[in-house]
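Below you'll find the structure, written out as structure tokens, and then a few comments.
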Amino acid sequence: MSNKSLRVEKFEKYHGTVDEVKQQIEVCPKCGAKLTMTHLADHDNLYIHEEVRCLECDFETEETLHVLN
């Protein structure tokens, strides 16, 4: 059983240029490798569940819910 936390995405946390924001989202802060993102859509509840991890090291982020409008 996992003790990961779950959060709802808020884009207000990202700031900087387009390239800086892409770097924050796509690059592992621990080792610098490209992160792997897994998405599962829940069409009934209108959200996408996202898991992000690095395959090069043991870095994982919180699981995220992206609400579909």
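Naming works like this for the structure tokens: A, B, ... for the chains as they're shown, residue 1 at the start of each chain, ligands 1 onward in shown order.
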(request) Find the residues around region 32-36 of chain A up to 8 Å (only C-alpha atoms counted), leave out those fewer than 5 positions away in its own chain, and share them as number ranges by chain. (result) A: 26-27, 52-56
Just to be explicit: take each residue in the selection above, keep N, CA and C atoms, and write the result as a CSV table (one decimal), in the first residue's frame.
chain,number,residue,atom,x,y,z
A,26,GLU,N,9.0,18.8,-16.9
A,26,GLU,CA,9.5,17.7,-17.7
A,26,GLU,C,10.8,17.1,-17.2
A,27,VAL,N,11.6,17.8,-16.4
A,27,VAL,CA,12.9,17.4,-16.0
A,27,VAL,C,13.0,17.0,-14.6
A,52,VAL,N,3.9,10.9,-12.0
A,52,VAL,CA,5.2,11.3,-12.6
A,52,VAL,C,6.3,10.6,-11.8
A,53,ARG,N,7.3,10.0,-12.6
A,53,ARG,CA,8.4,9.4,-11.9
A,53,ARG,C,9.6,9.5,-12.9
A,54,CYS,N,10.8,9.4,-12.3
A,54,CYS,CA,12.0,9.3,-13.1
A,54,CYS,C,12.5,7.9,-13.1
A,55,LEU,N,12.8,7.4,-14.3
A,55,LEU,CA,13.3,6.0,-14.5
A,55,LEU,C,14.8,5.9,-14.2
A,56,GLU,N,15.5,7.0,-14.1
A,56,GLU,CA,16.9,7.0,-13.9
A,56,GLU,C,17.3,7.0,-12.4
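For chain A, the set of residues given strand (DSSP E or B) by DSSP on the backbone reads Leu6, Arg7, Val8, Val27, Lys34, Thr36, Met37, Thr38, His39, Leu40, Ala41, Asp42, Tyr47, Ile48, His49, Glu50, Glu51, Val52, Arg53, Glu60, Glu63, Thr64, Leu65, His66 and Val67 of chain A.
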Written file, previous selection with N, CA and C atoms, as a PDB file, in the first residue's frame:
ATOM      1  N   LEU A   6      -2.041  12.966  -2.799  1.00  0.00           N
ATOM      2  CA  LEU A   6      -2.749  13.281  -4.032  1.00  0.00           C
ATOM      3  C   LEU A   6      -3.088  14.758  -4.008  1.00  0.00           C
ATOM      4  N   ARG A   7      -2.868  15.460  -5.116  1.00  0.00           N
ATOM      5  CA  ARG A   7      -3.167  16.886  -5.164  1.00  0.00           C
ATOM      6  C   ARG A   7      -3.913  17.207  -6.443  1.00  0.00           C
ATOM      7  N   VAL A   8      -4.610  18.343  -6.429  1.00  0.00           N
ATOM      8  CA  VAL A   8      -5.290  18.848  -7.612  1.00  0.00           C
ATOM      9  C   VAL A   8      -4.385  19.895  -8.241  1.00  0.00           C
ATOM     10  N   VAL A  27      11.579  17.809 -16.383  1.00  0.00           N
ATOM     11  CA  VAL A  27      12.928  17.367 -16.042  1.00  0.00           C
ATOM     12  C   VAL A  27      13.020  17.015 -14.553  1.00  0.00           C
ATOM     13  N   LYS A  34      14.815  13.067 -18.155  1.00  0.00           N
ATOM     14  CA  LYS A  34      13.434  13.368 -18.539  1.00  0.00           C
ATOM     15  C   LYS A  34      12.483  12.505 -17.712  1.00  0.00           C
ATOM     16  N   THR A  36       8.984  10.541 -16.679  1.00  0.00           N
ATOM     17  CA  THR A  36       7.972   9.734 -17.333  1.00  0.00           C
ATOM     18  C   THR A  36       6.634  10.030 -16.678  1.00  0.00           C
ATOM     19  N   MET A  37       5.636  10.363 -17.496  1.00  0.00           N
ATOM     20  CA  MET A  37       4.309  10.700 -16.989  1.00  0.00           C
ATOM     21  C   MET A  37       3.306   9.664 -17.465  1.00  0.00           C
ATOM     22  N   THR A  38       2.469   9.195 -16.541  1.00  0.00           N
ATOM     23  CA  THR A  38       1.416   8.238 -16.841  1.00  0.00           C
ATOM     24  C   THR A  38       0.082   8.904 -16.552  1.00  0.00           C
ATOM     25  N   HIS A  39      -0.855   8.804 -17.499  1.00  0.00           N
ATOM     26  CA  HIS A  39      -2.167   9.444 -17.354  1.00  0.00           C
ATOM     27  C   HIS A  39      -3.274   8.412 -17.515  1.00  0.00           C
ATOM     28  N   LEU A  40      -4.250   8.476 -16.595  1.00  0.00           N
ATOM     29  CA  LEU A  40      -5.440   7.633 -16.667  1.00  0.00           C
ATOM     30  C   LEU A  40      -6.657   8.544 -16.656  1.00  0.00           C
ATOM     31  N   ALA A  41      -7.492   8.453 -17.673  1.00  0.00           N
ATOM     32  CA  ALA A  41      -8.665   9.321 -17.783  1.00  0.00           C
ATOM     33  C   ALA A  41      -9.867   8.683 -17.099  1.00  0.00           C
ATOM     34  N   ASP A  42     -10.595   9.492 -16.345  1.00  0.00           N
ATOM     35  CA  ASP A  42     -11.864   9.088 -15.737  1.00  0.00           C
ATOM     36  C   ASP A  42     -12.935   9.986 -16.337  1.00  0.00           C
ATOM     37  N   TYR A  47     -11.973  13.865 -14.768  1.00  0.00           N
ATOM     38  CA  TYR A  47     -10.614  14.204 -14.364  1.00  0.00           C
ATOM     39  C   TYR A  47      -9.616  13.225 -14.984  1.00  0.00           C
ATOM     40  N   ILE A  48      -8.351  13.645 -14.977  1.00  0.00           N
ATOM     41  CA  ILE A  48      -7.251  12.792 -15.422  1.00  0.00           C
ATOM     42  C   ILE A  48      -6.311  12.611 -14.244  1.00  0.00           C
ATOM     43  N   HIS A  49      -5.981  11.374 -13.949  1.00  0.00           N
ATOM     44  CA  HIS A  49      -5.073  11.036 -12.857  1.00  0.00           C
ATOM     45  C   HIS A  49      -3.670  10.909 -13.451  1.00  0.00           C
ATOM     46  N   GLU A  50      -2.714  11.640 -12.882  1.00  0.00           N
ATOM     47  CA  GLU A  50      -1.349  11.665 -13.413  1.00  0.00           C
ATOM     48  C   GLU A  50      -0.358  11.185 -12.363  1.00  0.00           C
ATOM     49  N   GLU A  51       0.560  10.328 -12.796  1.00  0.00           N
ATOM     50  CA  GLU A  51       1.694   9.912 -11.967  1.00  0.00           C
ATOM     51  C   GLU A  51       2.967  10.274 -12.714  1.00  0.00           C
ATOM     52  N   VAL A  52       3.926  10.858 -11.992  1.00  0.00           N
ATOM     53  CA  VAL A  52       5.185  11.288 -12.601  1.00  0.00           C
ATOM     54  C   VAL A  52       6.329  10.646 -11.835  1.00  0.00           C
ATOM     55  N   ARG A  53       7.264  10.036 -12.593  1.00  0.00           N
ATOM     56  CA  ARG A  53       8.434   9.439 -11.950  1.00  0.00           C
ATOM     57  C   ARG A  53       9.626   9.494 -12.888  1.00  0.00           C
ATOM     58  N   GLU A  60       9.901  10.473  -7.382  1.00  0.00           N
ATOM     59  CA  GLU A  60       8.481  10.424  -7.752  1.00  0.00           C
ATOM     60  C   GLU A  60       7.816  11.664  -7.200  1.00  0.00           C
ATOM     61  N   GLU A  63       0.856  12.225  -6.743  1.00  0.00           N
ATOM     62  CA  GLU A  63      -0.109  11.933  -7.794  1.00  0.00           C
ATOM     63  C   GLU A  63      -0.991  13.165  -7.938  1.00  0.00           C
ATOM     64  N   THR A  64      -1.372  13.470  -9.180  1.00  0.00           N
ATOM     65  CA  THR A  64      -2.101  14.696  -9.453  1.00  0.00           C
ATOM     66  C   THR A  64      -3.403  14.407 -10.172  1.00  0.00           C
ATOM     67  N   LEU A  65      -4.446  15.151  -9.816  1.00  0.00           N
ATOM     68  CA  LEU A  65      -5.709  15.106 -10.531  1.00  0.00           C
ATOM     69  C   LEU A  65      -5.835  16.367 -11.362  1.00  0.00           C
ATOM     70  N   HIS A  66      -6.071  16.196 -12.656  1.00  0.00           N
ATOM     71  CA  HIS A  66      -6.320  17.324 -13.566  1.00  0.00           C
ATOM     72  C   HIS A  66      -7.821  17.314 -13.856  1.00  0.00           C
ATOM     73  N   VAL A  67      -8.507  18.371 -13.435  1.00  0.00           N
ATOM     74  CA  VAL A  67      -9.946  18.450 -13.614  1.00  0.00           C
ATOM     75  C   VAL A  67     -10.248  18.866 -15.046  1.00  0.00           C
TER      76      VAL A  67
END
(message) as JSON, numbers by chain, please: every residue in chain A that a backbone DSSP assignment puts in helix (DSSP H, G or I).
(response) {"A": [11, 12, 13, 18, 19, 20, 21, 22, 23, 24, 25, 26]}
